[in-house]
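See structure below.
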Amino acid sequence: MSTQNFRTVEKLVQGHQTSDGAGVRLTRVLTQNLQKRLDPFLMLDAFRNDNPDDYIGGFPDHPHRGFETVTYMLAGRMRHHDSAGNEGLLGPHGAQWMTAGSGLIHSELPEQEEGLMEGFQLWINLPAKQKMIAPFYRDIPAEAIPEFTADQGVQVRVIAGKSHDVAGAVERPDTEPLYLDIHLPAGSSFTQPIDPKFNAFSYTYRGNVMIGDTSVPDRHMAILSNNGAQAVHLEAHEDARLILVAGKPLHEPIAQYGPFVMNTAEEIQQTLRDYKEGYFERAAVKSL
């Protein structure tokens with residue numbers, strides 16, 4: 001495959017430091033100003049903290065409606081609980097895929113008092129026809145995430161979608177997301193096919209990754225160009241790690257108010273009324 005068939009880097013994004021929940025320090029990389037460009041993805045938070053004061057408060061009870069959240073842990077442990085009584089412990093290299101749908105309330109609280117807490121949370125939009133489906137979630141332990149070793153010792157974990165005939169732990173309709181965790185030894189390279197109609201980005205979380213002529217350093221997102229290419233080619237001159245994410249755009253209007261993502265302002269107003277009236281708790285219980 002010639003170089004002109006590979007996606008290039010359109011833009012590098014460093015993200016900004018912020019805090020969320022009960023004071024958890026994190027880097028918000030994909031923000032609202034990029035939602036249209038990276039449709040169907042709404043947000044990406046990256047966290048890497050070894051100071052308990054930066055994460056110990058976690059994310060107490062908070063509501064969601066209209067989208068999916070994907071939490072992928074690299075280190076540390078997080079206890080999940082929702083208003084339907086579902087509970088799970090997310091450990092190192094595990095993931096949780098939660099479809100908020102019509103609405104639920106959940107919490108994410110660390111189950112450690114020291115050591116490194118590292119991972120990502122990705123928000124994926126739901127199409128209008130699916131926004132009010134019953135909420136559900138799936139805990140995916142580390143051993144349930146398929147992985148393979150490619151040429152030159154490249155290790156790939158397939159959280160969602162498919163890579164080199166290896167199906168991921170999750171496949172979703174409508175947005176058809178691809179979510180890979182890729183470890184590149186020094187001097188290695190890896191090529192991943194991506195549907196040319198999909199929006200895509202990478203986020204380097206160790207080392208430095210070359211995409212075409214662009215160096216993508218640690219803690220930087222690369223928005224990949226929509227140049228009609230059918231693949232992205234990654235190279236590493238030093239040991240490097242990154243996530244690679246792609247998905248089919250919905251091309252629908254986005255109306256967001258904090259943790260609620262709908263298609264119109266009227267739907268947001270209805271969501272606020274539903275939340276105030278306790279619908280989220282009732283809807284979550286009925287979905288069991």
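FYI, nothing fancy with the structure tokens labels: chains A, B, ... in order, residues from 1 per chain, ligands from 1 as they appear.
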Open item on the list: Set the distance at 9 Å and use only C-alpha atoms: which residues neighbour Asp20 of chain A once local chain neighbours fewer than 4 positions away are removed? I'd like the list as number ranges by chain.
Closed with: A: 24-26, 58-59
Just to be explicit: take each residue in the selection above, keep C-alpha atoms, and write the result as a JSON list (two decimals), in the first residue's frame.
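Output contents, as saved in out.json:
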[["chain", "number", "residue", "atom", "x", "y", "z"],
["A", 24, "VAL", "CA", -10.61, 14.22, 39.94],
["A", 25, "ARG", "CA", -7.81, 15.81, 37.92],
["A", 26, "LEU", "CA", -7.86, 14.84, 34.25],
["A", 58, "GLY", "CA", -14.00, 9.76, 42.18],
["A", 59, "PHE", "CA", -17.27, 10.49, 40.43]]
Task: Tyr205 of chain A surroundings by only C-alpha atoms, 9 Å radius, close-in-sequence under 3 positions cut, as JSON, numbers by chain - done: {"A": [46, 208, 217, 218, 219, 220, 240, 241, 242, 243]}
- [ ] List every residue of segment 117-285 of chain A that DSSP, applied to the backbone of this structure, assigns to alpha helix (DSSP H), and report them as a PyMOL selection string.
- [x] chain A and resi 265-276+279-285
Open item on the list: DSSP on the backbone, strand (DSSP E) only: what residues of segment 83-276 of chain A does that give? Format it as number ranges by chain.
Closed with: A: 87-90, 95-99, 104-110, 117-125, 136-140, 147-149, 155-160, 162-163, 166-167, 178-184, 189-193, 199-206, 208-211, 214-217, 220-224, 231-235, 240-247, 255-257, 260-262
Task: Neighbour list for segment 61-70 of chain A as a ChimeraX atom specification, cut-off 6 Å, only C-alpha atoms, skip fewer than 3 positions in-chain - done: /A:96-107,121-126,131,259-262
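Residue nearest Asn5 of chain A, chosen from A:Leu234, A:Leu272, A:Ala229, A:Ala22 and counting only C-alpha atoms: A:Ala229.
Ranking A:Leu12, A:Val154, A:Met78, A:Met210 by their shortest atom-to-atom distance to Glu113 of chain A, with only C-alpha atoms included, puts A:Met78 first.
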TODO: Can you pull out every residue within 8 Å of Pro185 of chain A, counting only C-alpha atoms, but drop anything in the same chain fewer than 6 positions away, and send it as a PyMOL selection string?
DONE: chain A and resi 152-154+236+238-240
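Taking atom CA of Ala142 of chain A as the reference point, atom CA of Thr175 of chain A is found at 23.6 Å.
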Open item on the list: as a list in words, please: the residues near Gly23 of chain A (cut-off 12 Å, only C-alpha atoms, same-chain neighbours under 2 positions excluded).
Closed with: Gln17, Thr18, Ser19, Asp20, Gly21, Arg25, Leu26, Pro52, Asp53, Asp54, Tyr55, Ile56, Gly57, Gly58, Phe59, Pro60 and Leu109 of chain A
- [ ] Tell me which protein, DNA and RNA residues are within 9 Å of Phe120 of chain A, counting only C-alpha atoms, leaving out same-chain ones fewer than 5 positions away, and put them as a VMD selection string.
- [x] chain A and resid 44 to 48 70 to 74
Take the residues from that selection and put them in a file with N, CA, C and O atoms, as a PDB file, in the first residue's frame.
ATOM      1  N   LEU A  44     -13.466  12.943  25.043  1.00  0.00           N
ATOM      2  CA  LEU A  44     -12.442  12.014  25.513  1.00  0.00           C
ATOM      3  C   LEU A  44     -11.732  12.652  26.693  1.00  0.00           C
ATOM      4  O   LEU A  44     -11.191  13.756  26.579  1.00  0.00           O
ATOM      5  N   ASP A  45     -11.779  11.973  27.832  1.00  0.00           N
ATOM      6  CA  ASP A  45     -11.003  12.363  29.003  1.00  0.00           C
ATOM      7  C   ASP A  45      -9.893  11.347  29.205  1.00  0.00           C
ATOM      8  O   ASP A  45     -10.126  10.130  29.107  1.00  0.00           O
ATOM      9  N   ALA A  46      -8.696  11.841  29.500  1.00  0.00           N
ATOM     10  CA  ALA A  46      -7.569  10.979  29.853  1.00  0.00           C
ATOM     11  C   ALA A  46      -7.133  11.331  31.264  1.00  0.00           C
ATOM     12  O   ALA A  46      -7.031  12.509  31.616  1.00  0.00           O
ATOM     13  N   PHE A  47      -6.902  10.312  32.082  1.00  0.00           N
ATOM     14  CA  PHE A  47      -6.435  10.573  33.439  1.00  0.00           C
ATOM     15  C   PHE A  47      -5.216   9.705  33.733  1.00  0.00           C
ATOM     16  O   PHE A  47      -5.149   8.543  33.341  1.00  0.00           O
ATOM     17  N   ARG A  48      -4.240  10.300  34.386  1.00  0.00           N
ATOM     18  CA  ARG A  48      -3.012   9.592  34.777  1.00  0.00           C
ATOM     19  C   ARG A  48      -2.497  10.257  36.053  1.00  0.00           C
ATOM     20  O   ARG A  48      -1.802  11.267  36.006  1.00  0.00           O
ATOM     21  N   VAL A  70     -17.596   4.811  27.382  1.00  0.00           N
ATOM     22  CA  VAL A  70     -16.654   3.696  27.382  1.00  0.00           C
ATOM     23  C   VAL A  70     -15.504   4.068  28.307  1.00  0.00           C
ATOM     24  O   VAL A  70     -14.762   5.011  28.045  1.00  0.00           O
ATOM     25  N   THR A  71     -15.375   3.347  29.405  1.00  0.00           N
ATOM     26  CA  THR A  71     -14.287   3.572  30.345  1.00  0.00           C
ATOM     27  C   THR A  71     -13.276   2.443  30.178  1.00  0.00           C
ATOM     28  O   THR A  71     -13.631   1.268  30.252  1.00  0.00           O
ATOM     29  N   TYR A  72     -12.020   2.825  29.923  1.00  0.00           N
ATOM     30  CA  TYR A  72     -10.958   1.839  29.717  1.00  0.00           C
ATOM     31  C   TYR A  72      -9.841   2.142  30.711  1.00  0.00           C
ATOM     32  O   TYR A  72      -9.263   3.223  30.704  1.00  0.00           O
ATOM     33  N   MET A  73      -9.571   1.168  31.578  1.00  0.00           N
ATOM     34  CA  MET A  73      -8.572   1.354  32.627  1.00  0.00           C
ATOM     35  C   MET A  73      -7.226   0.763  32.208  1.00  0.00           C
ATOM     36  O   MET A  73      -7.166  -0.361  31.704  1.00  0.00           O
ATOM     37  N   LEU A  74      -6.176   1.522  32.456  1.00  0.00           N
ATOM     38  CA  LEU A  74      -4.820   1.016  32.266  1.00  0.00           C
ATOM     39  C   LEU A  74      -4.209   0.585  33.597  1.00  0.00           C
ATOM     40  O   LEU A  74      -3.457  -0.378  33.660  1.00  0.00           O
TER      41      LEU A  74
END
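The gap separating atom CA of Ser189 of chain A from atom CA of Gly228 of chain A is 21.2 Å, in Å to one decimal.
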Please tabulate, as CSV, the residues of segment 136-207 of chain A that come within 10 Å of segment 84-93 of chain A, each with its closest pair of atoms and the distance in Å to one decimal, counting only C-alpha atoms and ordering rows by chain, then residue number upward.
residue,atom,partner,partner_atom,distance
A:Phe136,CA,A:Asn86,CA,9.3
A:Tyr137,CA,A:Asn86,CA,8.6
A:Arg138,CA,A:Gly88,CA,9.2
A:Asp139,CA,A:Gly88,CA,6.8
A:Ile140,CA,A:Leu90,CA,8.0
A:Pro141,CA,A:Gly91,CA,7.2
A:Ala142,CA,A:His93,CA,4.9
A:Glu143,CA,A:His93,CA,8.4
A:Ala144,CA,A:His93,CA,9.9
A:Ile145,CA,A:His93,CA,8.5
A:Arg157,CA,A:His93,CA,9.4
A:Asp181,CA,A:His93,CA,9.7
Hey, can you spit out that residue selection with N, CA, C and O atoms as a JSON list (two decimals), in the first residue's frame?
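Dumped everything to out-v3.json:
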[["chain", "number", "residue", "atom", "x", "y", "z"],
["A", 136, "PHE", "N", -28.36, 0.12, 29.55],
["A", 136, "PHE", "CA", -27.71, -1.14, 29.93],
["A", 136, "PHE", "C", -26.21, -0.91, 29.97],
["A", 136, "PHE", "O", -25.70, 0.11, 29.49],
["A", 137, "TYR", "N", -25.50, -1.86, 30.55],
["A", 137, "TYR", "CA", -24.06, -1.74, 30.54],
["A", 137, "TYR", "C", -23.42, -3.12, 30.55],
["A", 137, "TYR", "O", -24.07, -4.13, 30.86],
["A", 138, "ARG", "N", -22.14, -3.15, 30.22],
["A", 138, "ARG", "CA", -21.39, -4.40, 30.21],
["A", 138, "ARG", "C", -20.01, -4.16, 30.78],
["A", 138, "ARG", "O", -19.27, -3.29, 30.30],
["A", 139, "ASP", "N", -19.66, -4.91, 31.82],
["A", 139, "ASP", "CA", -18.29, -4.91, 32.33],
["A", 139, "ASP", "C", -17.48, -5.91, 31.52],
["A", 139, "ASP", "O", -17.90, -7.04, 31.31],
["A", 140, "ILE", "N", -16.29, -5.48, 31.09],
["A", 140, "ILE", "CA", -15.43, -6.32, 30.25],
["A", 140, "ILE", "C", -14.09, -6.48, 30.96],
["A", 140, "ILE", "O", -13.25, -5.58, 30.93],
["A", 141, "PRO", "N", -13.86, -7.61, 31.63],
["A", 141, "PRO", "CA", -12.57, -7.80, 32.31],
["A", 141, "PRO", "C", -11.43, -7.89, 31.30],
["A", 141, "PRO", "O", -11.65, -8.16, 30.11],
["A", 142, "ALA", "N", -10.23, -7.68, 31.79],
["A", 142, "ALA", "CA", -9.06, -7.64, 30.91],
["A", 142, "ALA", "C", -8.96, -8.88, 30.03],
["A", 142, "ALA", "O", -8.66, -8.80, 28.83],
["A", 143, "GLU", "N", -9.24, -10.06, 30.61],
["A", 143, "GLU", "CA", -9.07, -11.30, 29.86],
["A", 143, "GLU", "C", -10.12, -11.49, 28.77],
["A", 143, "GLU", "O", -9.97, -12.35, 27.90],
["A", 144, "ALA", "N", -11.17, -10.67, 28.79],
["A", 144, "ALA", "CA", -12.23, -10.78, 27.78],
["A", 144, "ALA", "C", -12.00, -9.84, 26.59],
["A", 144, "ALA", "O", -12.79, -9.85, 25.65],
["A", 145, "ILE", "N", -10.94, -9.04, 26.65],
["A", 145, "ILE", "CA", -10.61, -8.16, 25.53],
["A", 145, "ILE", "C", -9.62, -8.89, 24.62],
["A", 145, "ILE", "O", -8.49, -9.18, 25.03],
["A", 157, "ARG", "N", -4.72, -4.56, 21.40],
["A", 157, "ARG", "CA", -5.90, -4.98, 22.16],
["A", 157, "ARG", "C", -7.12, -4.39, 21.45],
["A", 157, "ARG", "O", -7.17, -3.18, 21.19],
["A", 181, "ASP", "N", -6.11, -0.42, 21.53],
["A", 181, "ASP", "CA", -4.98, -0.03, 22.37],
["A", 181, "ASP", "C", -3.75, -0.70, 21.75],
["A", 181, "ASP", "O", -3.65, -1.93, 21.72]]
